[in-house]
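The structure appears below as structure tokens.
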Amino acid sequence: MSASAASIPAAGGRFFTGFTKLCKGLAVILFVAHILVQLLPSATDYLALIPARTIPFAWNLITAGYIEQTIPGVTVSIVGLLLFGKVLEPLWGAKELLKFIFVVNLSTSVCVFITAIVFYYITQEESYLYTPLSGFYGVLSGLLVGIKQILPDQELNLFVLKIKAKWFPSVLAFISVAVSFCLKESRSHLPIILFGIYMSWIYLRYFQMRLEAGLKGDPSDEFSFSSFFPGFLRPILDPIASIFDKLLCGRTQRLEGTGQTLDGSQFPGSGSIEANRRRERGQRALEQRLAEKLAAVKSSEGTPQPPAPQQQQEEEEAASDKV
């Protein structure tokens with residue numbers, strides 16, 4: 001860990017490099033969509049989520065997530081996508097990351113649509129039906145949940161505070177709720193962010209396939225619903241969350257190696273073991289990425305580089321074969 005921490009300042013100049021092709025492509029889509037709605041404001045009526053028009057224009061459940069109507073919004077979305085995607089794609093793969101973004105975006109839009117309809121019938125305010133809702137914030141908050149799952153103990157220095165990655169989604173939700181009380185304009189983003197966090201957790205907790213572990217979802221206690229809240233609230237939340245857990249995981253059969261008994265319960269310690277494996281994979285990927293950045297910085301300065309451990313091992317094996 002100390003070597004990784006030491007390599008961060010040296011690689012700081014390359015912090016905004018090494019972005020994946022998938023994230024670059026999605027960033028271009030976000031930018032082009034923003035330019036489109038600026039040049040053609042009427043396009044918002046067909047691409048953003050307007051609950052009163054969603055039934056004939058069902059595609060806006062997908063397109064709304066990629067429409068940023070403000071310059072700060074598109075800037076935050078692009079930067080967040082590139083940075084978060086750079087962490088998650090090497091661990092998940094491009095196909096899984098794209099699937100995750102699609103599922104979270106669509107499910108978040110569906111939840112926002114249903115919520116708007118419910119609030120309209122409760123309040124009879126037409127603003128719930130005709131206010132254009134859009135933004136990539138649901139996916140961004142979902143990516144934070146993915147980082148919480150993979151690198152929960154990774155720390156971020158935020159001014160004078162050090163925040164672990166496992167609290168990123170919770171802090172975002174708290175700030176969003178607080179800001180919505182002060183700024184009326186931000187209230188339309190609140191359900192997108194909250195549903196983005198929740199739906200991404202649902203997908204990662206119960207449905208994401210992990211072939212290397214033979215598991216579907218993440219049953220570990222470290223990724224339970226109550227892990228998003230302070231410890232003193234968990235005795236209250238765990239009984240409530242267990243109801244939904246039984247609804248979503250009430251399976252009576254399992255494949256070999258899933259770490260579950262025939263009644264769907266976990267073998268003792270299986271969830272914690274899998275969580276530890278995921279953290280170790282995430283930490284190794286992070287250290288490898290930092291080492292590559294440090295090597296690139298030193299090579300640009302003309303400093304000779306020792307062979308990488310894997311390369312050195314291959315050379316030694318080749319030499320032994322020759323002997």
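Every chain in the structure tokens takes a letter, A first, then B, and so on in the order presented; its residues are numbered from 1, and the ligands are numbered from 1 following the presented order.
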- Message: At a cut-off of 9 Å, using only C-alpha atoms, what residues contact segment 74-88 of chain A? Leave out same-chain residues fewer than 3 positions from it and give the result as number ranges by chain.
- Response: A: 15-16, 18-20, 22-24, 26-28, 30-31, 34, 67-71, 91-93, 97, 135-137, 139-140, 143-144, 146-147, 150, 282, 285-286
- Task: Can you pull out every residue within 12 Å of Phe100 of chain A, counting only C-alpha atoms, but drop anything in the same chain fewer than 4 positions away, and send it as an MDAnalysis selection string?
- Result: chainID A and resid 85 88:89 92:96 104:108 138:140 142:143 145:146 196 199:204 207:209
- Can you list every residue in segment 145-233 of chain A that DSSP puts in strand (DSSP E or B), as a ChimeraX atom specification? /A:155-158,161-164,209-210,215-216
- Task: Find, counting only C-alpha atoms, the residue in A:Thr17, A:Asn60, A:Pro41, A:Lys148 that gets nearest to Glu222 of chain A.
- Result: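 With only C-alpha atoms as the atom set, the closest residue is A:Lys148.
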